[in-house]
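Worksheet: the structure to be examined is printed underneath.
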Amino acid sequence: MSAAKPDARSVLEAAHELGWRLPPDLNDRITEAIYAESSEIAGRRVRRRGGSMRLAWQEALDRILTGRWTGIPAMVLLLGVVLWLTITGANYPSGMLAELLIDRWWHGLREVFAAMGAPGWLRGIVVDGMYLTTAWVVSVMLPPMAIFFPLFTILEDFGYLPRVAFNLDRMFKAAGAHGKQALTMSMGLGCNAAGVVACRIIDSPRERLIAIVTNNFALCNGRWPTQMLIASVFVGGLFPPALGGMAAAGAVMGVAGLGFALTWLASLVLSRTVLRGEASTFSLELPPYRPPNILRTFYTSIIDRTIFVLFRAVVFAMPAGAVIWLIGNVHVGGQSLAHWMVGALDAPAWWLGLNGVILVAYVVAIPANEIVIPTVLMLTALVTGQAGAGAGVMFEVEEADRFRQLLDAGGWTVLTGVCLMIFSLCHNPCSTTIYTIWRETRSLKWTVLATLMPFVPGIVLCGGIAALARALT
Amino acid sequence: MGGCGSCAASGCGTSGARIAGLTRLGLRPGAWDAVVGLAGNPNTGKSTVFNRLTGLRQHTGNWPGKTIARAEGGFGYRGRRYRLIDLPGTYSLLSASPDEEVARDFILFGRPDVVVVVVDATALERNLNLALQVLQITDRVVVCLNLMDEARALGIDVDVDGLAEDLGVPVVACVAREGAGMVALLDAIHGVSVGEVACRPRRLGLSVPGLTEALDRLTAMVAGAFGDLPQARWVALRLLHRDRRITEAVRTGEIARLGAGDGAAIGAGP
């Protein structure tokens, strides 16, 4: 278009010249003209019939759900009910799946391999490594996801998410962050990679970076099952069975709340230091409450979310299973690699209230948070020598009780459980999220900051709690 | 296409999955005959309309800002193949947040054959702001008056034929969630894209002293520099506004693409 360039310049010069002679509020006048026109057409073509029942109850509902004093308690209550339903509802099907996939099929597969005369290492990698880890992922993750996601989708369809943003807006603003960050945070509750992409809805680059860097503090799909399982074993176990579920739900909510507090605090610190600036204003439309379309809800939550997340977990679990079996069975200097690694990490882990097994699991599970728990179980069985049929084979646990037995044997206490829950909230994002952050920011600096920053509260909180607990006992 | 409105009350659209003559092409439109853009305020059901027409399962949800990048799909109707683009929801085309820019750039430079503006029947006044802005840029517009069921439940009646008359483009009443009105919408898209339906979009009357003269002069210069652009007057107006994006497009010559080529030029360099 080089031929047009001189003309382009003269057009721009003319525009500049002519612009000076026009009233300075030209923009406002045109916007006003559009508004006036819209209002005139709408006035002519829209007729309203008397009061509507639906409008009345929508307003009544909004008075509670977005009320100054009732909004936040209602939000906590709703989340609590959703978590409680998930935790109590997932217990039974989890046990059934474990019995089917592990007690029956795993033993069956071992026999098939033995009958075929397959070499021991092959059976080890395929059956005791890849299959068993996958079976664990499915039985631990599927039931809570199949309950949690539909419930969450119903709330989303109903129109509740923007109300959450509305309720939290003032707090984000006080932290110097954008109110829409409440929406990107809610997306992060599903998947942090999706939450990071959603930050595109924030116009200001400064506020967008804050939202991206802090998104990891929203518990994602991969971490909800870890939270629920550990909470029901260690926190729920402290209470009589009737109250266990509620106590566990309360503990998970506490961690989710801690995540929000950390998001807020990190946003505040960032907006006072490296990302200094004022919060920009925006308008958020509160959509009408709509009756959720139940069929579509099930489709979206089961196919798009549950199966998608499960598929991703399985894809990562299979190679991870092979790696776990290998580090458990390759011996160097009279000890398996797993023993060496766990032994090396035991000391730093002790200061954090954790143990070496957990830290090794987090190294193995960098690709996906979903496989942390199966890895922990497998490594624990390996280190404690509990794995019936051979070292490196995950122990079979049908219910929380037997699950607990295994962890008790691994030296776990309530302190380990609590610290694991906090560490699960405060550690590096999964590799998919890290890659997404890089793609969205194109900046090594922000990617590294977003990856390492969560460890700061993680180390401080876990270390503090461990020190306090040990001082008190 | 005043007749589109008659579907409102009768609900002549199918509520089931099948629509006669419609082939959902999902993610693979292949070669297409026409490009259709879906614009609208946030949370008016653009993605639901998109899913209805393409058979895709773009995630939908009851909150504004859910579609952040544009999604693409295809469908065939009455022997023509269409490429459909779901744009992020925007309240206006005048400001320049990244999501609004995606929508505006597409309407301007994507050279859509038809722009479907999805409007929320329960909040017509606010939604018309965007529809009117789109009508300033392009002639070939179909207005999809969505969420008619909610409007009815709220006791709101919209005179669909009258609205079509005021805007000068087809207006189709729909309940996209149930599939109602989709046939009429497809007919309107088809009619506008093959030129059976002539649109005479409403243009704004601006009473700013000196503006008409300035606009006339600048429009002539834009047309002189870049050929006879259909949107020359709109471009001139945005230049007088000191719109950064449009100024930049004039400087680089990108603006000439408004007049040249066809829908296939999307994403191609100048």
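Residues are referred to by chain and number: the chain letter is A, B, ... according to the order shown in the structure tokens, the number counts from 1 in that chain, and ligands are numbered separately from 1 in the order shown.
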
*What residues in chain A lie within 8 Å of chain B, counting only C-alpha atoms, written as number ranges by chain?*
A: 1-2, 4-5, 7-9, 11-12, 14-16, 18-19, 21-23, 26-27, 29-30, 33-35, 37-39, 41-43, 45-55, 156-162, 198, 200-201, 203, 284-287, 290, 300

*Non-local contacts of A:Asn355 (12 Å; only C-alpha atoms; under 3 positions in same chain excluded) as a ChimeraX atom specification*: /A:341-352,358-362,376,379-380,383,407,410-413,415-417,419-420,423,462,466

*Any idea what the distance is between atom CA of B:His190 and atom CA of B:Leu93?*
25.4 Å

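Contact shell of stretch 99-107 of chain A at 9 Å (only C-alpha atoms; same-chain neighbours under 3 positions omitted): A:Ser94, A:Gly95, A:Met96, A:Arg110, A:Glu111, A:Val112, A:Val127, A:Asp128, A:Tyr131, A:Leu132, A:Ala135, A:Trp136, A:Val138, A:Ser139, A:Glu396, A:Val397, A:Glu398.
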
Excluding B:Phe106 and residues on its chain fewer than 5 positions from it, collect all residues at most 9 Å away from it, counting only C-alpha atoms, and give them as a PDB file with N, CA and C atoms, in the first residue's frame.
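Contents of out.pdb, as written:
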ATOM      1  N   GLY B  37     -21.138 -13.011  11.064  1.00  0.00           N
ATOM      2  CA  GLY B  37     -20.619 -12.710  12.395  1.00  0.00           C
ATOM      3  C   GLY B  37     -21.767 -12.574  13.379  1.00  0.00           C
ATOM      4  N   LEU B  87     -18.603 -13.731  18.235  1.00  0.00           N
ATOM      5  CA  LEU B  87     -17.715 -12.667  18.728  1.00  0.00           C
ATOM      6  C   LEU B  87     -17.914 -12.451  20.220  1.00  0.00           C
ATOM      7  N   GLU B 101     -12.331  -4.817  20.832  1.00  0.00           N
ATOM      8  CA  GLU B 101     -11.552  -4.658  19.614  1.00  0.00           C
ATOM      9  C   GLU B 101     -11.672  -5.883  18.710  1.00  0.00           C
ATOM     10  N   ARG B 111     -14.853  -8.368   6.882  1.00  0.00           N
ATOM     11  CA  ARG B 111     -15.761  -8.330   5.746  1.00  0.00           C
ATOM     12  C   ARG B 111     -16.843  -9.391   5.816  1.00  0.00           C
ATOM     13  N   PRO B 112     -17.608  -9.417   6.908  1.00  0.00           N
ATOM     14  CA  PRO B 112     -18.693 -10.396   6.982  1.00  0.00           C
ATOM     15  C   PRO B 112     -19.765 -10.073   5.944  1.00  0.00           C
ATOM     16  N   ILE B 266      -9.989 -12.556   5.659  1.00  0.00           N
ATOM     17  CA  ILE B 266      -9.843 -12.495   7.115  1.00  0.00           C
ATOM     18  C   ILE B 266      -8.464 -12.942   7.553  1.00  0.00           C
TER      19      ILE B 266
END

*Which of these, B:Val197, B:Leu229, B:Val183, B:Val235, has the shortest distance to B:Ala20 once you count only C-alpha atoms?*
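Counting only C-alpha atoms, the residue closest to B:Ala20 is B:Val183.
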
*In stretch 95-205 of chain B, DSSP strand (DSSP E or B) residues written as a PyMOL selection string*: chain B and resi 114-120+141-146+156-158+171-173+175+180

*Please identify all polymer residues within 6 Å of stretch 175-185 of chain A, counting only C-alpha atoms, omitting same-chain residues fewer than 3 positions from it, and present them as number ranges by chain.*
A: 165, 169, 172, 188, 195, 198-199, 207, 211, 215, 267-268, 271, 278-279

Saved selection, atoms kept: C-alpha atoms, as an mmCIF file, in the first residue's frame:
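Output (out_16.cif):
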data_model
loop_
_atom_site.group_PDB
_atom_site.id
_atom_site.type_symbol
_atom_site.label_atom_id
_atom_site.label_comp_id
_atom_site.auth_asym_id
_atom_site.auth_seq_id
_atom_site.Cartn_x
_atom_site.Cartn_y
_atom_site.Cartn_z
ATOM 1 C CA ALA A 165 -18.090 -10.896 41.334
ATOM 2 C CA ASP A 169 -15.807 -6.296 43.818
ATOM 3 C CA PHE A 172 -10.703 -6.422 44.992
ATOM 4 C CA GLY A 188 -9.846 -20.675 38.144
ATOM 5 C CA GLY A 195 -8.784 -18.815 34.525
ATOM 6 C CA ALA A 198 -10.148 -15.584 31.027
ATOM 7 C CA CYS A 199 -8.022 -12.694 32.336
ATOM 8 C CA GLU A 207 -4.665 -5.419 36.575
ATOM 9 C CA ALA A 211 -5.200 -11.462 38.023
ATOM 10 C CA ASN A 215 -5.071 -17.112 39.762
ATOM 11 C CA SER A 267 -3.011 -8.590 44.755
ATOM 12 C CA LEU A 268 -2.563 -5.907 47.383
ATOM 13 C CA SER A 271 -0.434 -3.372 43.341
ATOM 14 C CA GLU A 278 -5.178 2.711 40.706
ATOM 15 C CA ALA A 279 -8.017 0.264 40.198
#

*Write out as a list in words which residues come within 9 Å of A:Ile125 when counting only C-alpha atoms, dropping same-chain ones fewer than 5 positions away.*
Gly120, Met130, Tyr131, Gly321, Ala322, Val323, Ile324, Trp325 and Leu326 of chain A

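One finds atom CA of B:Ala34 at 23.1 Å from atom CA of B:Gly227.
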
*Looking only at alpha helix (DSSP H) from DSSP on the backbone, list the matching residues of stretch 157-357 of chain A as a PyMOL selection string.*
chain A and resi 157-158+161-174+181-190+192-198+205-214+224-230+241-272+294-298+308-329+337-351+356-357

*For A:Ala218, please output as a ChimeraX atom specification all residues within 9 Å (counting only C-alpha atoms; exclusion window: fewer than 2 positions along the same chain).*
/A:185-192,195,214-216,220,256,259-260,263,425

_Just to confirm, what's the straight-line distance from atom CA of A:Met318 to atom CA of A:Val448 in Å (one decimal)?_
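According to the coordinates, atom CA of A:Met318 and atom CA of A:Val448 are separated by 28.0 Å.
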